[in-house]
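Novice: Below is the file work.txt, with compact mmCIF, C-alpha atoms.
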# COMPACT_ATOMS: atom_id res chain seq x y z
CA MET A 138 17.20 20.31 4.91
CA THR A 139 20.23 21.43 2.89
CA PHE A 140 19.37 19.06 0.04
CA LEU A 141 15.73 20.18 0.03
CA TRP A 142 16.82 23.82 -0.23
CA LEU A 143 19.01 22.81 -3.18
CA LEU A 144 16.05 21.15 -4.90
CA GLU A 145 13.85 24.15 -4.10
CA GLY A 146 16.28 26.30 -6.07
CA ILE A 147 15.81 24.29 -9.28
CA ARG A 148 12.01 24.12 -9.23
CA THR A 149 10.11 25.11 -12.35
CA PRO A 150 6.38 24.88 -13.12
CA PHE A 151 7.07 22.02 -15.54
CA LEU A 152 9.15 20.04 -13.02
CA ASP A 153 6.57 20.67 -10.32
CA LYS A 154 3.86 19.07 -12.47
CA LEU A 155 6.15 16.23 -13.58
CA MET A 156 7.16 15.35 -10.03
CA GLN A 157 3.57 15.58 -8.85
CA PHE A 158 2.64 13.10 -11.60
CA ILE A 159 5.49 10.75 -10.67
CA THR A 160 4.69 10.83 -6.96
CA TYR A 161 1.10 9.81 -7.70
CA PHE A 162 2.32 6.27 -8.49
CA GLY A 163 3.33 5.83 -4.87
CA GLN A 164 -0.17 6.49 -3.60
CA GLU A 165 -2.30 3.87 -1.91
CA LEU A 166 -4.97 4.06 -4.62
CA ILE A 167 -2.59 3.01 -7.43
CA ILE A 168 -1.01 0.19 -5.44
CA ILE A 169 -4.33 -1.28 -4.33
CA ALA A 170 -5.67 -1.04 -7.90
CA VAL A 171 -2.67 -2.99 -9.24
CA ILE A 172 -3.06 -5.65 -6.55
CA CYS A 173 -6.78 -5.92 -7.36
CA ALA A 174 -6.10 -6.28 -11.09
CA LEU A 175 -3.60 -9.06 -10.48
CA TYR A 176 -5.67 -10.77 -7.81
CA TRP A 177 -9.02 -10.77 -9.60
CA CYS A 178 -7.87 -11.20 -13.19
CA ALA A 179 -4.31 -12.39 -13.71
CA ASP A 180 -2.00 -13.81 -11.05
CA LYS A 181 -3.46 -14.45 -7.60
CA ARG A 182 -0.25 -15.80 -6.12
CA PHE A 183 1.83 -12.76 -7.10
CA ALA A 184 -0.92 -10.47 -5.84
CA TYR A 185 -0.64 -12.23 -2.47
CA LEU A 186 3.11 -11.66 -2.49
CA LEU A 187 2.58 -7.95 -3.17
CA GLY A 188 -0.04 -7.84 -0.42
CA PHE A 189 2.25 -9.41 2.14
CA THR A 190 5.02 -6.99 1.19
CA TYR A 191 2.88 -3.85 1.12
CA PHE A 192 0.85 -4.46 4.28
CA THR A 193 3.78 -5.70 6.37
CA ALA A 194 5.96 -2.76 5.39
CA GLY A 195 3.00 -0.43 5.98
CA LEU A 196 2.66 -1.63 9.57
CA CYS A 197 6.38 -1.06 10.15
CA VAL A 198 6.44 2.39 8.56
CA GLN A 199 3.34 3.61 10.41
CA SER A 200 4.73 2.34 13.71
CA LEU A 201 7.99 4.18 13.09
CA LYS A 202 6.08 7.36 12.21
CA ILE A 203 4.32 7.53 15.56
CA THR A 204 7.42 6.42 17.44
CA PHE A 205 9.78 9.13 16.16
CA ARG A 206 7.07 11.75 15.41
CA ILE A 207 9.25 13.83 13.09
CA PRO A 208 7.35 16.80 11.57
CA ARG A 209 7.23 17.67 7.89
CA PRO A 210 10.09 19.76 6.43
CA TRP A 211 8.05 22.97 6.39
CA VAL A 212 7.45 22.53 10.12
CA LEU A 213 11.11 21.81 10.83
CA ASP A 214 12.04 24.96 8.92
CA PRO A 215 9.16 27.48 8.65
CA ALA A 216 11.06 29.39 5.96
CA PHE A 217 10.94 26.35 3.66
CA LYS A 218 7.98 25.98 1.30
CA ALA A 219 6.89 22.72 -0.27
CA VAL A 220 5.27 22.58 -3.70
CA GLU A 221 1.73 23.66 -2.87
CA SER A 222 -0.05 20.92 -4.84
CA ALA A 223 1.78 18.20 -2.87
CA VAL A 224 0.90 19.41 0.62
CA PRO A 225 -2.68 18.03 0.85
CA GLY A 226 -1.41 14.49 0.18
CA ALA A 227 1.33 14.76 2.79
CA THR A 228 -0.56 13.48 5.82
CA GLY A 229 0.99 12.03 8.93
CA TYR A 230 4.50 12.42 10.23
CA SER A 231 7.42 12.82 7.86
CA PHE A 232 9.66 9.90 8.88
CA PRO A 233 9.68 7.41 7.16
CA SER A 234 8.07 8.19 3.79
CA GLY A 235 4.81 6.35 3.13
CA HIS A 236 4.83 7.06 -0.62
CA THR A 237 8.34 5.66 -0.91
CA GLN A 238 7.31 2.57 1.02
CA GLY A 239 4.35 1.97 -1.27
CA ALA A 240 6.42 2.49 -4.42
CA ALA A 241 9.22 0.18 -3.31
CA CYS A 242 6.76 -2.52 -2.23
CA LEU A 243 5.08 -2.46 -5.64
CA PHE A 244 7.85 -1.88 -8.16
CA TYR A 245 10.72 -3.79 -6.54
CA PRO A 246 8.85 -7.15 -6.56
CA LEU A 247 7.79 -6.40 -10.14
CA SER A 248 11.46 -5.92 -11.02
CA LEU A 249 12.34 -9.23 -9.38
CA ARG A 250 9.58 -11.05 -11.23
CA THR A 251 10.44 -9.97 -14.76
CA SER A 252 13.37 -11.35 -16.74
CA ASN A 253 13.24 -8.51 -19.26
CA ARG A 254 16.17 -6.18 -18.55
CA TRP A 255 14.38 -3.10 -19.86
CA LEU A 256 11.33 -3.72 -17.73
CA LYS A 257 13.51 -4.52 -14.72
CA GLY A 258 15.33 -1.23 -15.15
CA LEU A 259 12.04 0.65 -15.62
CA PHE A 260 10.57 -0.76 -12.40
CA ILE A 261 13.70 0.09 -10.42
CA LEU A 262 13.71 3.58 -11.91
CA ALA A 263 10.04 3.93 -10.93
CA PHE A 264 10.50 3.54 -7.18
CA LEU A 265 13.74 5.55 -7.19
CA SER A 266 11.99 8.36 -9.08
CA ILE A 267 9.04 8.35 -6.69
CA GLY A 268 11.42 8.60 -3.74
CA PHE A 269 13.20 11.52 -5.39
CA SER A 270 9.89 13.21 -6.19
CA ARG A 271 8.98 13.24 -2.50
CA MET A 272 12.13 15.26 -1.80
CA TYR A 273 11.72 17.54 -4.81
CA LEU A 274 8.17 18.36 -3.77
CA GLY A 275 9.44 19.21 -0.29
CA CYS A 276 7.38 16.58 1.52
CA HIS A 277 10.29 14.51 2.85
CA THR A 278 13.95 14.81 3.76
CA PRO A 279 16.55 12.38 2.35
CA LYS A 280 16.52 10.51 5.67
CA ASP A 281 12.76 9.94 5.38
CA VAL A 282 13.12 8.50 1.89
CA ILE A 283 16.31 6.47 2.36
CA VAL A 284 15.16 4.75 5.56
CA SER A 285 11.73 3.97 4.11
CA MET A 286 13.23 2.60 0.91
CA ALA A 287 15.83 0.51 2.74
CA LEU A 288 13.22 -0.94 5.11
CA SER A 289 10.76 -1.68 2.29
CA LEU A 290 13.41 -3.30 0.09
CA LEU A 291 14.55 -5.43 3.02
CA ILE A 292 11.01 -6.62 3.74
CA ALA A 293 10.33 -7.20 0.04
CA SER A 294 13.56 -9.19 -0.32
CA VAL A 295 12.82 -11.38 2.71
CA ILE A 296 9.26 -12.09 1.54
CA TRP A 297 10.50 -12.81 -1.98
CA ARG A 298 13.15 -15.17 -0.60
CA PHE A 299 10.68 -17.08 1.57
CA GLN A 300 7.63 -16.83 -0.70
CA ALA A 301 7.30 -20.61 -0.96
CA VAL A 302 6.87 -20.84 2.82
CA LEU A 303 4.27 -18.06 2.79
CA LEU A 304 2.32 -19.00 -0.31
CA ASP A 305 2.79 -22.66 -1.18
CA HIS A 306 2.59 -24.65 2.05
CA ASP A 307 -0.90 -25.02 3.54
CA LYS A 308 0.46 -26.17 6.88
CA ASN A 309 1.75 -22.63 7.51
CA LEU A 310 -1.53 -20.85 6.76
CA LYS A 311 -2.88 -20.53 10.28
CA THR A 312 0.46 -19.62 11.84
CA ILE A 313 1.18 -16.89 9.29
CA ALA A 314 -2.35 -15.48 9.56
CA VAL A 315 -2.13 -15.38 13.36
CA ILE A 316 1.25 -13.62 13.25
CA LEU A 317 -0.07 -10.95 10.86
CA VAL A 318 -3.22 -10.49 12.96
CA CYS A 319 -1.09 -10.05 16.09
CA LEU A 320 1.19 -7.53 14.35
CA SER A 321 -1.83 -5.57 13.12
CA LEU A 322 -3.56 -5.51 16.50
CA ALA A 323 -0.30 -4.61 18.24
CA THR A 324 0.17 -1.67 15.85
CA ALA A 325 -3.38 -0.44 16.48
CA GLY A 326 -2.99 -0.90 20.23
CA TYR A 327 0.29 1.04 20.23
CA ALA A 328 -1.30 3.92 18.31
CA LEU A 329 -4.34 4.02 20.60
CA ILE A 330 -2.15 4.02 23.73
CA LEU A 331 -0.14 6.98 22.42
CA TYR A 332 -3.36 8.72 21.40
CA GLY A 333 -5.01 8.08 24.74
CA GLY A 334 -1.99 9.51 26.53
CA GLY A 335 -2.08 12.67 24.42
CA THR A 336 1.24 11.89 22.71
CA ILE A 337 -0.16 11.89 19.16
CA GLU A 338 -3.10 13.64 17.54
CA THR A 339 -6.16 11.96 16.05
CA LYS A 340 -4.95 12.11 12.43
CA TYR A 341 -1.71 10.30 13.25
CA ALA A 342 -3.43 7.57 15.24
CA GLU A 343 -5.95 7.23 12.41
CA ASP A 344 -3.26 6.64 9.76
CA CYS A 345 -1.69 3.95 11.93
CA CYS A 346 -5.01 2.26 12.66
CA LYS A 347 -5.94 2.27 8.96
CA ALA A 348 -2.75 0.33 8.24
CA ALA A 349 -3.61 -2.03 11.10
CA GLY A 350 -7.14 -2.54 9.77
CA ALA A 351 -5.79 -3.31 6.30
CA GLY A 352 -3.23 -5.76 7.69
CA PHE A 353 -5.89 -7.45 9.81
CA GLY A 354 -8.22 -7.70 6.81
CA PHE A 355 -5.45 -9.13 4.65
CA ALA A 356 -4.62 -11.82 7.23
CA ILE A 357 -8.25 -12.88 7.67
CA GLY A 358 -9.13 -12.61 3.98
CA TRP A 359 -6.05 -14.53 2.87
CA TYR A 360 -6.78 -17.35 5.32
CA ILE A 361 -10.46 -17.61 4.35
CA GLU A 362 -9.75 -17.52 0.62
CA ARG A 363 -7.02 -20.13 0.83
CA THR A 364 -8.97 -22.53 3.05
CA ARG A 365 -12.57 -22.02 1.87
CA LEU A 366 -12.82 -20.20 -1.45
CA ASN A 367 -9.84 -20.87 -3.75
CA PHE A 368 -11.38 -18.94 -6.63
CA ASP A 369 -10.03 -19.03 -10.18
CA THR A 370 -8.98 -15.74 -11.81
CA ARG A 371 -9.77 -17.02 -15.31
CA THR A 372 -13.08 -16.27 -16.99
CA GLY A 373 -12.15 -17.11 -20.58
CA ARG A 374 -13.06 -13.70 -22.03
CA LEU A 375 -11.00 -10.50 -21.95
CA MET A 376 -14.08 -8.27 -21.88
CA THR A 377 -15.47 -10.17 -18.89
CA GLN A 378 -12.20 -9.65 -17.06
CA PHE A 379 -12.31 -5.94 -17.85
CA PHE A 380 -15.82 -5.48 -16.50
CA LYS A 381 -15.05 -7.66 -13.49
CA LEU A 382 -12.14 -5.37 -12.62
CA LEU A 383 -14.09 -2.20 -13.31
CA LEU A 384 -17.06 -3.18 -11.15
CA GLY A 385 -14.86 -4.44 -8.34
CA LEU A 386 -12.83 -1.24 -8.21
CA ALA A 387 -15.98 0.90 -8.39
CA ALA A 388 -17.46 -0.98 -5.44
CA ALA A 389 -14.20 -0.69 -3.50
CA LEU A 390 -14.19 3.06 -4.10
CA LEU A 391 -17.81 3.24 -2.96
CA ILE A 392 -16.91 1.42 0.26
CA LYS A 393 -14.01 3.75 0.89
CA GLU A 394 -15.95 6.94 0.23
CA GLY A 395 -19.29 5.90 1.71
CA PHE A 396 -18.23 4.01 4.81
CA SER A 397 -17.77 7.12 6.96
CA ILE A 398 -21.26 8.38 6.05
CA ILE A 399 -22.79 5.34 7.77
CA PHE A 400 -20.28 4.60 10.53
CA GLY A 401 -18.69 7.99 11.13
CA SER A 402 -15.04 8.97 10.98
CA SER A 403 -13.70 7.92 14.35
CA ILE A 404 -10.33 6.18 14.59
CA LEU A 405 -11.92 2.75 15.11
CA ALA A 406 -14.41 3.38 12.28
CA LYS A 407 -11.52 4.13 9.92
CA MET A 408 -9.75 0.97 11.04
CA PHE A 409 -12.89 -1.06 10.40
CA GLU A 410 -13.33 0.64 7.01
CA TYR A 411 -9.93 -0.59 5.82
CA PHE A 412 -10.61 -4.04 7.27
CA ILE A 413 -13.83 -4.30 5.24
CA LEU A 414 -12.19 -2.82 2.14
CA VAL A 415 -9.43 -5.46 2.08
CA LEU A 416 -11.93 -8.19 2.91
CA TRP A 417 -14.00 -7.03 -0.08
CA VAL A 418 -10.98 -7.42 -2.33
CA LEU A 419 -9.89 -10.82 -1.06
CA VAL A 420 -13.12 -12.65 -0.25
CA ILE A 421 -16.45 -10.87 -0.71
CA TYR A 422 -16.09 -9.82 -4.35
CA PRO A 423 -14.46 -13.11 -5.48
CA CYS A 424 -17.42 -14.93 -3.87
CA ILE A 425 -19.82 -12.78 -5.88
CA PHE A 426 -18.20 -13.22 -9.28
CA ARG A 427 -17.63 -16.92 -8.72
CA ALA A 428 -21.34 -17.33 -7.96
CA VAL A 429 -22.25 -15.29 -11.06
CA LEU A 430 -19.97 -17.35 -13.28
CA SER A 431 -21.28 -20.66 -11.90
CA ARG A 432 -24.86 -19.61 -12.69
CA SER A 433 -24.01 -18.53 -16.23
CA SER A 434 -22.11 -21.72 -17.07
Rewrite the structure from the file as C-alpha cells, please.
Specialist:
Amino acid sequence: MTFLWLLEGIRTPFLDKLMQFITYFGQELIIIAVICALYWCADKRFAYLLGFTYFTAGLCVQSLKITFRIPRPWVLDPAFKAVESAVPGATGYSFPSGHTQGAACLFYPLSLRTSNRWLKGLFILAFLSIGFSRMYLGCHTPKDVIVSMALSLLIASVIWRFQAVLLDHDKNLKTIAVILVCLSLATAGYALILYGGGTIETKYAEDCCKAAGAGFGFAIGWYIERTRLNFDTRTGRLMTQFFKLLLGLAAALLIKEGFSIIFGSSILAKMFEYFILVLWVLVIYPCIFRAVLSRSS
C-alpha cells in the first residue's frame, strides 16, 4: 500500500484521465476485438496463438483470484481512495490483476512477432504502462500487477516457444482440445464448489465461470474450425473485410448484451454466454460469411 499512497499523492485530473485511457487497452473488449480482426480478416494462425495465450492465462488468473481472495486496495485500507472513474471496472478480487493479464497476453506476443524495433518497444511499453495504470488508479497493488504480468509472460513465452506443436500438427488437435476443455471445466467446478460452500460470493464465481466458458468455447471452436471448416480470411476487397469485421463485432456485442435478457444472469447462464460468444467468433460467423462468399462467387 505504501507505493499506492505515493502514487495517490501525485494524482492530477489530467493524469487521472490519461491513466484511465491507458488502462482501457487492457480490457476484455479491446483484446477480443483485436483477436476477431486478426482471425476474421488477416492472420488466423496468429489469432489462434493470441487466443491460446489469453484464455489459458485467464483461467490461471481467475483461479488464483478465488484461491487467495485478496480484497481491493480500498478494502485493505479504508482510508485509501481509488480514482473514482476506475472503480466500476474493478470487479472481482484484486490478486492477480486481470487487466495486466489481458494486456501482457496481447501486447507481448505482438512484440515477439514484429521485427521492427520501434514497434517492439511500443508493444512492450503498452503492457508495462497498463500495469502501471492499474496501480496509479488505485485498483491494484504492485504484487497484484507483478505476479499477473510474470505469470502471463511465462504462459505467453511457453506458447510462443511451442506454437508449432499447438498450431501446425493436426495429430495434436484432439489432445490439446481435451486438455483445454478439462482445464476450463475444472476451473468452473472449483469456483462452483467454493460458491456452494459459501466461501466466495456470486460475482466472484461468475467471473471465474465466464473465463471457463470462454476457454471451453475456444477449445471446442478451435477443434471444429480446424477439422471441419478451415475458412479463408481473404475476401479480395478491403471494403468487404471492413464490413465483415464490423458486422461480426456488432453481432458479438449483441450476443453479449442480449444473452442475459433471454437466459437470465445466473452463474451458469454467464458461463454459457461466454461459451456461445467465443463459438460465434471461431465457428458460427466464419460459417456464415463463407456461405455468403460462396454464393456471390
Novice: Please return, as a ChimeraX atom specification, all polymer residues that have at least one atom within 12 Å of the point (1.2, 3.1, 5.9); use all atoms listed in the file and the file's own coordinate frame.
Specialist: /A:163-165,168,190-203,228-240,242,285,289,321,324,341-352,411
Novice: Point out the residue among A:Thr372, A:Trp211, A:Leu186, A:Ile337 with the least atom-to-atom distance to Asp305 in chain A, counting all atoms listed in the file.
Specialist: A:Leu186
Novice: What does the distance from CA of Val284 in chain A to CA of Ser266 in chain A come to in Å, to one decimal?
Specialist: 15.4 Å
Novice: Closest to Ala323 in chain A among A:Gln300, A:Leu291, A:Arg427, A:Phe353, using only C-alpha atoms?
Specialist: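 The shortest atom-to-atom distance to Ala323 in chain A comes from A:Phe353.
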Novice: Between A:Leu391, A:Leu187, A:Pro246, A:Ala241, which residue has the minimum interatomic distance to Ile172 in chain A, considering only C-alpha atoms?
Specialist: A:Leu187
Novice: Measuring between only C-alpha atoms, which one of A:Phe140, A:Arg182, A:Phe217, A:Phe244 shows the shortest distance to Ile167 in chain A?
Specialist: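 For Ile167 in chain A, the nearest of the candidates is A:Phe244.
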Novice: My list of candidates is A:Trp359, A:Cys173, A:Ser402, A:Leu386. Which is closest to Leu416 in chain A when distances are computed with only C-alpha atoms?
Specialist: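 Going through A:Trp359, A:Cys173, A:Ser402, A:Leu386 one by one, the smallest distance to Leu416 in chain A is for A:Trp359.
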Novice: Can you take the partial range 346-367 of chain A, add N, CA, C and O atoms, and return it as an mmCIF file, keeping the file's coordinate frame?
Specialist:
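Written out: result.cif:
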data_model
loop_
_atom_site.group_PDB
_atom_site.id
_atom_site.type_symbol
_atom_site.label_atom_id
_atom_site.label_comp_id
_atom_site.auth_asym_id
_atom_site.auth_seq_id
_atom_site.Cartn_x
_atom_site.Cartn_y
_atom_site.Cartn_z
ATOM 1 N N CYS A 346 -3.925 3.231 12.503
ATOM 2 C CA CYS A 346 -5.010 2.260 12.660
ATOM 3 C C CYS A 346 -5.575 1.820 11.312
ATOM 4 O O CYS A 346 -6.057 0.690 11.177
ATOM 5 N N LYS A 347 -5.525 2.682 10.310
ATOM 6 C CA LYS A 347 -5.940 2.270 8.960
ATOM 7 C C LYS A 347 -5.007 1.181 8.432
ATOM 8 O O LYS A 347 -5.468 0.201 7.836
ATOM 9 N N ALA A 348 -3.704 1.362 8.650
ATOM 10 C CA ALA A 348 -2.750 0.330 8.240
ATOM 11 C C ALA A 348 -2.993 -0.965 8.992
ATOM 12 O O ALA A 348 -2.911 -2.059 8.425
ATOM 13 N N ALA A 349 -3.329 -0.844 10.286
ATOM 14 C CA ALA A 349 -3.610 -2.030 11.100
ATOM 15 C C ALA A 349 -4.882 -2.732 10.614
ATOM 16 O O ALA A 349 -4.928 -3.966 10.526
ATOM 17 N N GLY A 350 -5.909 -1.952 10.284
ATOM 18 C CA GLY A 350 -7.140 -2.540 9.770
ATOM 19 C C GLY A 350 -6.928 -3.258 8.459
ATOM 20 O O GLY A 350 -7.472 -4.346 8.228
ATOM 21 N N ALA A 351 -6.102 -2.667 7.583
ATOM 22 C CA ALA A 351 -5.790 -3.310 6.300
ATOM 23 C C ALA A 351 -4.997 -4.591 6.500
ATOM 24 O O ALA A 351 -5.268 -5.616 5.861
ATOM 25 N N GLY A 352 -4.023 -4.556 7.412
ATOM 26 C CA GLY A 352 -3.230 -5.760 7.690
ATOM 27 C C GLY A 352 -4.076 -6.861 8.289
ATOM 28 O O GLY A 352 -3.935 -8.040 7.928
ATOM 29 N N PHE A 353 -4.977 -6.490 9.186
ATOM 30 C CA PHE A 353 -5.890 -7.450 9.810
ATOM 31 C C PHE A 353 -6.804 -8.069 8.759
ATOM 32 O O PHE A 353 -7.010 -9.297 8.710
ATOM 33 N N GLY A 354 -7.348 -7.223 7.883
ATOM 34 C CA GLY A 354 -8.220 -7.700 6.810
ATOM 35 C C GLY A 354 -7.498 -8.617 5.850
ATOM 36 O O GLY A 354 -8.058 -9.615 5.384
ATOM 37 N N PHE A 355 -6.223 -8.289 5.560
ATOM 38 C CA PHE A 355 -5.450 -9.130 4.650
ATOM 39 C C PHE A 355 -5.212 -10.506 5.269
ATOM 40 O O PHE A 355 -5.345 -11.533 4.589
ATOM 41 N N ALA A 356 -4.870 -10.540 6.558
ATOM 42 C CA ALA A 356 -4.620 -11.820 7.230
ATOM 43 C C ALA A 356 -5.863 -12.699 7.232
ATOM 44 O O ALA A 356 -5.804 -13.891 6.882
ATOM 45 N N ILE A 357 -7.002 -12.117 7.599
ATOM 46 C CA ILE A 357 -8.250 -12.880 7.670
ATOM 47 C C ILE A 357 -8.714 -13.293 6.271
ATOM 48 O O ILE A 357 -9.093 -14.443 6.029
ATOM 49 N N GLY A 358 -8.680 -12.332 5.342
ATOM 50 C CA GLY A 358 -9.130 -12.610 3.980
ATOM 51 C C GLY A 358 -8.269 -13.654 3.294
ATOM 52 O O GLY A 358 -8.790 -14.543 2.604
ATOM 53 N N TRP A 359 -6.965 -13.554 3.467
ATOM 54 C CA TRP A 359 -6.050 -14.530 2.870
ATOM 55 C C TRP A 359 -6.316 -15.933 3.408
ATOM 56 O O TRP A 359 -6.392 -16.892 2.639
ATOM 57 N N TYR A 360 -6.527 -16.037 4.716
ATOM 58 C CA TYR A 360 -6.780 -17.350 5.320
ATOM 59 C C TYR A 360 -8.107 -17.941 4.825
ATOM 60 O O TYR A 360 -8.183 -19.118 4.462
ATOM 61 N N ILE A 361 -9.150 -17.123 4.786
ATOM 62 C CA ILE A 361 -10.460 -17.610 4.350
ATOM 63 C C ILE A 361 -10.425 -18.025 2.883
ATOM 64 O O ILE A 361 -10.933 -19.087 2.510
ATOM 65 N N GLU A 362 -9.789 -17.197 2.044
ATOM 66 C CA GLU A 362 -9.750 -17.520 0.620
ATOM 67 C C GLU A 362 -8.967 -18.798 0.364
ATOM 68 O O GLU A 362 -9.385 -19.652 -0.415
ATOM 69 N N ARG A 363 -7.863 -18.954 1.053
ATOM 70 C CA ARG A 363 -7.020 -20.130 0.830
ATOM 71 C C ARG A 363 -7.656 -21.415 1.368
ATOM 72 O O ARG A 363 -7.466 -22.493 0.797
ATOM 73 N N THR A 364 -8.421 -21.317 2.442
ATOM 74 C CA THR A 364 -8.970 -22.530 3.050
ATOM 75 C C THR A 364 -10.412 -22.823 2.646
ATOM 76 O O THR A 364 -10.862 -23.969 2.761
ATOM 77 N N ARG A 365 -11.147 -21.819 2.164
ATOM 78 C CA ARG A 365 -12.570 -22.020 1.870
ATOM 79 C C ARG A 365 -12.957 -21.723 0.423
ATOM 80 O O ARG A 365 -13.820 -22.383 -0.139
ATOM 81 N N LEU A 366 -12.334 -20.700 -0.164
ATOM 82 C CA LEU A 366 -12.820 -20.200 -1.450
ATOM 83 C C LEU A 366 -12.013 -20.735 -2.638
ATOM 84 O O LEU A 366 -12.549 -21.380 -3.529
ATOM 85 N N ASN A 367 -10.727 -20.434 -2.658
ATOM 86 C CA ASN A 367 -9.840 -20.870 -3.750
ATOM 87 C C ASN A 367 -10.425 -20.564 -5.134
ATOM 88 O O ASN A 367 -10.587 -21.446 -5.979
#
